[in-house]
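To start, the structure under review is shown below, and the notes come after it.
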There are 2 protein chains.
Amino acid sequence: MNDRFLRACRRQSVDRTPVWFMRQAGRYMSEYRALREKYSILQLARTPELACQVTLQPINEFSLDAAIIFADILLPVTPMGVNLRFAPGPILDNPVRSAGDVRRLKDFDVEEGLGFLFESVRLARRELDGKVPLIGFAGAPFTLASYLIEGGHSDHYVLTKAFMYEQPEAWDLLMRKVRRITADSLKAQAAAGAQALQLFDSWVGALSPDQYRKSIQPHSRFVLDAVKGLGVPVIHFGTGTNGFLEDFAASGGSVVGVDWRIDLDVAWKRIGHGRAIQGNLDPVLLLGSKAALKKDVRRILGQAGGRRGFIFNLGHGILPKTPVENVRAAVDCVHEGRS
Amino acid sequence: MNDRFLRACRRQSVDRTPVWFMRQAGRYMSEYRALREKYSILQLARTPELACQVTLQPINEFSLDAAIIFADILLPVTPMGVNLRFAPGPILDNPVRSAGDVRRLKDFDVEEGLGFLFESVRLARRELDGKVPLIGFAGAPFTLASYLIEGGHSDHYVLTKAFMYEQPEAWDLLMRKVRRITADSLKAQAAAGAQALQLFDSWVGALSPDQYRKSIQPHSRFVLDAVKGLGVPVIHFGTGTNGFLEDFAASGGSVVGVDWRIDLDVAWKRIGHGRAIQGNLDPVLLLGSKAALKKDVRRILGQAGGRRGFIFNLGHGILPKTPVENVRAAVDCVHEGRS
């Protein structure tokens, strides 16, 4: 097996820098768009054979060093009793606005509510046949709670922050419900064959460090502690965390994922060289010329400095209009190294 | 005159912490909404009597320690030859997409193209009658250039970054045109009576530190150097800069403005205690309860630690739905201090 990715997560020596991309299966690939003509995002994610197929699309196309299961961080909200649809962004029709709403959220058993996801993991693991490791994932408590409260995308997280400040007990209950489901889902994905896990706290950068430490960190730490002993590396990813990267890293994870708004060497120093790091190409670079793209890939490799424990990735997900040939060029450039 | 704000900018002792808020004149005030029923944003900004009136609205309502001239960072694009309207966000009908477009941008004389703005400053200065100092402002080269290229609000700044990477000479010419106008506008505002200046690089947080240093910093520095010798304090403000705050601060400004995604004491240490700092309440706190608001105001005052050179502000502008009584509570709480 190509185990560069797992070795780098564990800060072991590697022959080449491992690379994978967040949202590496998605609209930018014609194979994905073809499936999306027939199926909705939720159909793809909830049908193990289709989710497995999508998971493998980028693996068949590029020399990536890891696969990530095709799923969505919002999948748990449906078994919680919240209606989810995409139009095209996520819309939650009955969002959480009161303590009563929180109490009504179902504390479902993940094997019952998310069984299809673990079956997707089992299938994808089998189909990958040891070619590259498979990553399982879940949304972090804050990011998931923010969707449950806002009911979709939000610019300022006004409702979420109001909930956090004005209904601290209900907030705490919500976070406890979400973190239990998140931890259980990650554990079940590992049990089903995921060889690494990533916790996505995509919108945590909306917060002040004080808000993060008081209202979010204990819950992220709960999840990261719960999956620490599973024997698989855990990547803790967030964007907009550069003002409180030390706090974010302190929540846990064997690997910390950073966005592109910080120099990789600066980020690694702040996280501490005892941890692995994942990042941090600006996704927009994948939309331009190969020359600019390769230059920036090499710059990041230079900042990683050949140190053990670096996984090349983007600072956020691949954008839909990304040309396939640029993804290939980036992957190959990472493998060629900085010289 | 209440000179607390100017004294803090100069890191002199003050009797109370000075406070003002970005977008302190705006939709959240009924007096402003009443004027907006009769006039468009551009009519308000381009009519000195009206701009002066709006500038004074929050000063008459709250015990703020500084006024900021009512204007818009996009005002210079019209005399550059780009059509600007608000619907309700800014739309630039003929954005810059090529080297030819850049060359066609008019290098206008600010006294001719922005004379109304300097007249607004003169009027507001007279009307304020020494009550509080008046701040003039302009958009920083990157933020202004990004609007010129994108033609309005942007999520990922794809066109701006493509322009920067793929047309470096045209980008350089664009930045030189914009920086000259920005510097001239700030100088003319100071000459008209502005007692402090703020350079808004609101969207600079979209960039990687490498992009910032190579393609933006020389131009921000040009502007900040140009206004350094005017004898008025200059505030250099950005959001999303916490990954490269040292670079951002190194561009210049006697005061550095930071967003809410960093602890004020951490930010000040990274900027250096030889500089004044402005910030950094989460604007969303102004939408909730007074109890949570006051607690966070006191937390920030505590992080400032009584050190000379702190100006209380938000981490970004006041949101439109902010209750007036919360603005009053925040201002009074800052003046009461942290005890």
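In the structure tokens, chains take letters A, B, ... by order of appearance, with residues numbered from 1 within each chain and ligands from 1 in the order shown.
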Using only C-alpha atoms, find each residue in chain B having at least one atom no more than 10 Å away from chain A; report its shortest atom-to-atom pair and that distance in Å (one decimal), rows by chain then rising number, as a Markdown table.
| residue | atom | partner | partner_atom | distance |
| --- | --- | --- | --- | --- |
| B:His156 | CA | A:Val284 | CA | 7.2 |
| B:Tyr157 | CA | A:Val284 | CA | 8.0 |
| B:Val158 | CA | A:Val284 | CA | 6.0 |
| B:Leu159 | CA | A:Val284 | CA | 9.3 |
| B:Lys161 | CA | A:Val284 | CA | 7.4 |
| B:Ala162 | CA | A:Gly288 | CA | 5.9 |
| B:Phe163 | CA | A:Gly288 | CA | 9.3 |
| B:Tyr165 | CA | A:Ala292 | CA | 6.5 |
| B:Glu166 | CA | A:Ser289 | CA | 7.1 |
| B:Val204 | CA | A:Arg261 | CA | 9.8 |
| B:Gly205 | CA | A:Arg261 | CA | 7.0 |
| B:Ala206 | CA | A:Arg261 | CA | 7.3 |
| B:Leu207 | CA | A:Arg261 | CA | 6.0 |
| B:Ser208 | CA | A:Arg261 | CA | 4.3 |
| B:Pro209 | CA | A:Ile262 | CA | 5.9 |
| B:Asp210 | CA | A:Asp263 | CA | 7.5 |
| B:Gln211 | CA | A:Arg261 | CA | 9.5 |
| B:Tyr212 | CA | A:Arg261 | CA | 9.6 |
| B:Gly240 | CA | A:Gly240 | CA | 7.2 |
| B:Thr241 | CA | A:Arg261 | CA | 7.7 |
| B:Asn242 | CA | A:Gly243 | CA | 4.8 |
| B:Gly243 | CA | A:Ile262 | CA | 4.3 |
| B:Phe244 | CA | A:Ile262 | CA | 6.0 |
| B:Leu245 | CA | A:Gly243 | CA | 9.1 |
| B:Asp259 | CA | A:Ser208 | CA | 8.9 |
| B:Trp260 | CA | A:Ser208 | CA | 5.3 |
| B:Arg261 | CA | A:Ser208 | CA | 4.3 |
| B:Ile262 | CA | A:Gly243 | CA | 4.3 |
| B:Asp263 | CA | A:Pro209 | CA | 6.3 |
| B:Leu264 | CA | A:Pro209 | CA | 9.9 |
| B:Val266 | CA | A:Gly243 | CA | 8.5 |
| B:Ala267 | CA | A:Gly243 | CA | 8.1 |
| B:Asn280 | CA | A:Ser208 | CA | 9.4 |
| B:Leu281 | CA | A:Ser208 | CA | 8.7 |
| B:Asp282 | CA | A:Ser208 | CA | 7.1 |
| B:Pro283 | CA | A:His156 | CA | 8.9 |
| B:Val284 | CA | A:Val158 | CA | 6.0 |
| B:Leu285 | CA | A:Lys161 | CA | 8.0 |
| B:Leu287 | CA | A:Val158 | CA | 7.7 |
| B:Gly288 | CA | A:Ala162 | CA | 5.9 |
| B:Ser289 | CA | A:Glu166 | CA | 7.1 |
| B:Ala291 | CA | A:Glu166 | CA | 9.2 |
| B:Ala292 | CA | A:Tyr165 | CA | 6.5 |
| B:Leu293 | CA | A:Tyr165 | CA | 9.4 |
| B:Asp296 | CA | A:Asp210 | CA | 9.0 |
| B:Arg299 | CA | A:Asp210 | CA | 9.0 |
| B:Ile300 | CA | A:Asp210 | CA | 9.9 |
| B:Gly315 | CA | A:Ser208 | CA | 9.9 |
| B:Leu319 | CA | A:His156 | CA | 9.3 |
Residues of the last selection are to be written out with C-alpha atoms, as a short mmCIF file (atom, residue, chain, number, x, y, z; two decimals), in the first residue's frame.
data_model
loop_
_atom_site.label_atom_id
_atom_site.label_comp_id
_atom_site.auth_asym_id
_atom_site.auth_seq_id
_atom_site.Cartn_x
_atom_site.Cartn_y
_atom_site.Cartn_z
CA HIS B 156 -13.16 33.95 -3.37
CA TYR B 157 -11.56 36.85 -5.28
CA VAL B 158 -10.93 34.52 -8.18
CA LEU B 159 -10.77 37.27 -10.81
CA LYS B 161 -6.09 36.77 -7.90
CA ALA B 162 -6.05 35.63 -11.53
CA PHE B 163 -5.32 39.21 -12.57
CA TYR B 165 -0.87 36.25 -11.07
CA GLU B 166 -1.51 36.21 -14.81
CA VAL B 204 -6.94 41.75 2.48
CA GLY B 205 -7.67 38.64 4.55
CA ALA B 206 -8.51 36.80 1.33
CA LEU B 207 -4.80 36.61 0.58
CA SER B 208 -1.93 34.36 1.55
CA PRO B 209 0.95 36.15 3.31
CA ASP B 210 3.09 35.49 0.24
CA GLN B 211 0.53 37.19 -2.04
CA TYR B 212 0.31 40.07 0.42
CA GLY B 240 -8.55 38.33 8.37
CA THR B 241 -4.96 39.49 8.82
CA ASN B 242 -4.17 37.35 11.87
CA GLY B 243 -2.06 34.87 9.93
CA PHE B 244 0.28 37.65 8.77
CA LEU B 245 -0.31 40.44 11.26
CA ASP B 259 -10.55 42.11 13.91
CA TRP B 260 -12.16 40.06 16.73
CA ARG B 261 -10.58 36.74 15.77
CA ILE B 262 -7.52 37.35 17.95
CA ASP B 263 -6.98 38.24 21.59
CA LEU B 264 -6.15 41.93 21.83
CA VAL B 266 -1.79 38.67 21.64
CA ALA B 267 -2.33 41.01 18.68
CA ASN B 280 -11.65 44.48 18.60
CA LEU B 281 -15.22 43.71 19.70
CA ASP B 282 -17.15 41.17 17.60
CA PRO B 283 -19.87 43.34 15.91
CA VAL B 284 -22.37 40.54 16.56
CA LEU B 285 -22.08 41.24 20.31
CA LEU B 287 -26.96 42.52 18.52
CA GLY B 288 -27.49 40.52 21.72
CA SER B 289 -28.05 41.22 25.40
CA ALA B 291 -25.05 41.68 29.82
CA ALA B 292 -23.04 39.64 27.30
CA LEU B 293 -21.99 42.83 25.51
CA ASP B 296 -17.00 41.26 26.45
CA ARG B 299 -12.74 41.47 28.76
CA ILE B 300 -11.19 43.49 25.92
CA GLY B 315 -13.41 44.24 14.68
CA LEU B 319 -24.29 45.59 11.50
#
Sel. of alpha helix (DSSP H) residues, region 47-282 of chain B, as a PyMOL selection string: chain B and resi 48-61+77-80+99-104+110-113+115-128+141-150+158-166+168-191+209-211+217-226+245-250+264-271
12 Å contact set for His273 (chain B), only C-alpha atoms, chain neighbours under 4 positions out, as a PyMOL selection string: chain B and resi 11+249+254-256+264-269+277+304-305+307-310
Would you output that residue set with C-alpha atoms, as a PDB file, in the first residue's frame?
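Saved result, selection-v1.pdb, follows:
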ATOM      1  CA  ARG B  11       0.263  56.595  22.833  1.00  0.00           C
ATOM      2  CA  ALA B 249       1.687  46.003  10.617  1.00  0.00           C
ATOM      3  CA  SER B 254       0.748  54.693  13.690  1.00  0.00           C
ATOM      4  CA  VAL B 255      -2.245  52.613  14.808  1.00  0.00           C
ATOM      5  CA  VAL B 256      -3.047  49.060  13.660  1.00  0.00           C
ATOM      6  CA  LEU B 264      -6.145  41.926  21.828  1.00  0.00           C
ATOM      7  CA  ASP B 265      -3.126  41.302  24.051  1.00  0.00           C
ATOM      8  CA  VAL B 266      -1.791  38.666  21.636  1.00  0.00           C
ATOM      9  CA  ALA B 267      -2.325  41.005  18.680  1.00  0.00           C
ATOM     10  CA  TRP B 268      -0.598  43.907  20.446  1.00  0.00           C
ATOM     11  CA  LYS B 269       2.406  41.781  21.310  1.00  0.00           C
ATOM     12  CA  ILE B 277      -3.848  49.376  18.489  1.00  0.00           C
ATOM     13  CA  ALA B 304      -5.587  46.115  26.767  1.00  0.00           C
ATOM     14  CA  GLY B 305      -4.330  46.171  30.340  1.00  0.00           C
ATOM     15  CA  ARG B 307      -1.483  50.264  28.410  1.00  0.00           C
ATOM     16  CA  ARG B 308      -1.166  53.566  26.531  1.00  0.00           C
ATOM     17  CA  GLY B 309      -2.232  53.524  22.896  1.00  0.00           C
ATOM     18  CA  PHE B 310      -5.520  51.605  22.916  1.00  0.00           C
TER      19      PHE B 310
END
Distance query Leu199 (chain B) at most 10 Å, only C-alpha atoms, self and fewer than 6 positions along chain excluded, as a short mmCIF file (atom, residue, chain, number, x, y, z; two decimals) with N, CA, C and O atoms, in the first residue's frame:
data_model
loop_
_atom_site.label_atom_id
_atom_site.label_comp_id
_atom_site.auth_asym_id
_atom_site.auth_seq_id
_atom_site.Cartn_x
_atom_site.Cartn_y
_atom_site.Cartn_z
N ILE B 73 -15.65 53.90 0.45
CA ILE B 73 -14.32 53.65 -0.11
C ILE B 73 -14.35 53.56 -1.63
O ILE B 73 -13.32 53.68 -2.27
N GLY B 136 -10.71 61.08 8.59
CA GLY B 136 -10.90 60.88 7.15
C GLY B 136 -10.48 59.46 6.79
O GLY B 136 -9.81 58.80 7.58
N PHE B 137 -10.88 58.97 5.63
CA PHE B 137 -10.49 57.59 5.31
C PHE B 137 -10.48 57.32 3.81
O PHE B 137 -10.99 58.11 3.00
N ALA B 138 -9.90 56.18 3.48
CA ALA B 138 -9.88 55.70 2.09
C ALA B 138 -9.71 54.19 2.10
O ALA B 138 -9.25 53.61 3.08
N GLY B 139 -10.11 53.56 1.01
CA GLY B 139 -9.88 52.12 0.83
C GLY B 139 -8.44 51.88 0.45
O GLY B 139 -7.86 52.66 -0.31
N ALA B 140 -7.86 50.82 0.95
CA ALA B 140 -6.46 50.48 0.62
C ALA B 140 -6.39 49.95 -0.81
O ALA B 140 -7.40 49.49 -1.36
N PRO B 141 -5.20 50.01 -1.41
CA PRO B 141 -5.09 49.60 -2.81
C PRO B 141 -5.67 48.23 -3.12
O PRO B 141 -6.42 48.08 -4.10
N THR B 182 -5.48 57.13 -3.78
CA THR B 182 -5.72 56.92 -2.34
C THR B 182 -4.87 57.86 -1.51
O THR B 182 -5.36 58.52 -0.58
N ALA B 183 -3.59 57.94 -1.84
CA ALA B 183 -2.68 58.82 -1.08
C ALA B 183 -3.12 60.28 -1.23
O ALA B 183 -3.18 61.02 -0.24
N LEU B 186 -6.30 60.98 0.80
CA LEU B 186 -6.03 61.08 2.24
C LEU B 186 -5.34 62.40 2.58
O LEU B 186 -5.69 63.07 3.56
N SER B 220 0.51 49.37 -0.33
CA SER B 220 -0.02 49.87 0.94
C SER B 220 1.04 50.75 1.61
O SER B 220 0.73 51.80 2.17
N VAL B 223 1.21 54.26 0.21
CA VAL B 223 0.16 55.14 0.73
C VAL B 223 0.49 55.56 2.17
O VAL B 223 0.41 56.74 2.52
N LEU B 224 0.87 54.59 2.98
CA LEU B 224 1.11 54.89 4.39
C LEU B 224 2.35 55.77 4.57
O LEU B 224 2.38 56.63 5.45
N VAL B 234 -2.39 57.87 11.69
CA VAL B 234 -2.93 57.06 10.61
C VAL B 234 -3.20 55.65 11.13
O VAL B 234 -2.31 54.99 11.67
N ILE B 235 -4.46 55.22 10.97
CA ILE B 235 -4.88 53.89 11.40
C ILE B 235 -4.87 52.97 10.19
O ILE B 235 -5.47 53.29 9.16
N HIS B 236 -4.20 51.85 10.31
CA HIS B 236 -4.13 50.87 9.23
C HIS B 236 -4.97 49.67 9.66
O HIS B 236 -4.59 48.92 10.55
N PHE B 237 -6.13 49.52 9.01
CA PHE B 237 -7.09 48.50 9.44
C PHE B 237 -7.28 47.41 8.39
O PHE B 237 -7.35 47.67 7.19
N GLY B 238 -7.37 46.17 8.85
CA GLY B 238 -7.71 45.06 7.98
C GLY B 238 -8.45 43.99 8.76
O GLY B 238 -8.43 43.97 9.99
N GLY B 253 1.47 52.81 9.38
CA GLY B 253 0.35 53.27 10.21
C GLY B 253 0.81 53.43 11.65
O GLY B 253 1.53 52.59 12.17
N VAL B 256 -2.64 50.23 14.45
CA VAL B 256 -3.05 49.06 13.66
C VAL B 256 -4.42 48.59 14.15
O VAL B 256 -4.62 48.43 15.36
N GLY B 257 -5.35 48.42 13.22
CA GLY B 257 -6.70 47.95 13.56
C GLY B 257 -6.81 46.45 13.33
O GLY B 257 -6.41 45.97 12.27
#
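Among the candidates B:Asp172, B:Asp107, B:Asp155, B:Asp3, the residue lying nearest to Thr17 (chain B) is B:Asp3 (atoms considered: only C-alpha atoms).
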Close residues, Asn313 (chain A) itself excluded, 8 Å, only C-alpha atoms, min 2 positions apart in chain, as a ChimeraX atom specification: /A:19-22,278-281,311,315
Requested write-out: N, CA, C and O atoms of the selected residues, as a PDB file, in the first residue's frame:
ATOM      1  N   VAL A  19      -0.010  13.906  -0.727  1.00  0.00           N
ATOM      2  CA  VAL A  19      -0.951  14.969  -1.104  1.00  0.00           C
ATOM      3  C   VAL A  19      -2.344  14.397  -1.330  1.00  0.00           C
ATOM      4  O   VAL A  19      -2.514  13.334  -1.923  1.00  0.00           O
ATOM      5  N   TRP A  20      -3.327  15.085  -0.779  1.00  0.00           N
ATOM      6  CA  TRP A  20      -4.731  14.862  -1.145  1.00  0.00           C
ATOM      7  C   TRP A  20      -5.398  16.219  -1.046  1.00  0.00           C
ATOM      8  O   TRP A  20      -4.802  17.172  -0.515  1.00  0.00           O
ATOM      9  N   PHE A  21      -6.612  16.330  -1.574  1.00  0.00           N
ATOM     10  CA  PHE A  21      -7.288  17.624  -1.585  1.00  0.00           C
ATOM     11  C   PHE A  21      -8.677  17.520  -0.976  1.00  0.00           C
ATOM     12  O   PHE A  21      -9.445  16.615  -1.316  1.00  0.00           O
ATOM     13  N   MET A  22      -8.999  18.465  -0.111  1.00  0.00           N
ATOM     14  CA  MET A  22     -10.359  18.522   0.397  1.00  0.00           C
ATOM     15  C   MET A  22     -11.304  18.755  -0.790  1.00  0.00           C
ATOM     16  O   MET A  22     -11.000  19.524  -1.675  1.00  0.00           O
ATOM     17  N   GLN A 278      -1.144  19.901   8.006  1.00  0.00           N
ATOM     18  CA  GLN A 278      -1.715  19.692   6.678  1.00  0.00           C
ATOM     19  C   GLN A 278      -2.124  21.039   6.087  1.00  0.00           C
ATOM     20  O   GLN A 278      -2.786  21.831   6.747  1.00  0.00           O
ATOM     21  N   GLY A 279      -1.720  21.286   4.856  1.00  0.00           N
ATOM     22  CA  GLY A 279      -2.114  22.520   4.187  1.00  0.00           C
ATOM     23  C   GLY A 279      -1.244  22.788   2.984  1.00  0.00           C
ATOM     24  O   GLY A 279      -0.542  21.894   2.532  1.00  0.00           O
ATOM     25  N   ASN A 280      -1.185  24.009   2.507  1.00  0.00           N
ATOM     26  CA  ASN A 280      -2.105  25.090   2.743  1.00  0.00           C
ATOM     27  C   ASN A 280      -2.185  25.976   1.515  1.00  0.00           C
ATOM     28  O   ASN A 280      -2.169  27.190   1.606  1.00  0.00           O
ATOM     29  N   LEU A 281      -2.337  25.318   0.348  1.00  0.00           N
ATOM     30  CA  LEU A 281      -2.434  26.050  -0.917  1.00  0.00           C
ATOM     31  C   LEU A 281      -3.774  26.788  -1.016  1.00  0.00           C
ATOM     32  O   LEU A 281      -4.825  26.218  -0.728  1.00  0.00           O
ATOM     33  N   ILE A 311       1.676  17.053   5.293  1.00  0.00           N
ATOM     34  CA  ILE A 311       0.751  16.542   4.281  1.00  0.00           C
ATOM     35  C   ILE A 311       0.300  17.716   3.436  1.00  0.00           C
ATOM     36  O   ILE A 311      -0.271  18.683   3.958  1.00  0.00           O
ATOM     37  N   GLY A 315      -5.945  24.973   1.469  1.00  0.00           N
ATOM     38  CA  GLY A 315      -6.362  25.634   2.701  1.00  0.00           C
ATOM     39  C   GLY A 315      -7.862  25.513   2.925  1.00  0.00           C
ATOM     40  O   GLY A 315      -8.368  25.801   4.008  1.00  0.00           O
TER      41      GLY A 315
END
B:Ala190, B:Gly151, B:Gly272, B:Phe62 ranked by distance to Val82 (chain B), top pick (using only C-alpha atoms): B:Gly151
Expected answer as a count of residues only: strand (DSSP E or B) residues in region 125-299 of chain A: 27
Point-to-point distance in Å for CA of Leu50 (chain B) and CA of Pro95 (chain B):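 Distance between the two atoms: 28.6 Å.
Between CA of Arg179 (chain A) and CA of Phe222 (chain A) there is a distance of 7.1 Å.
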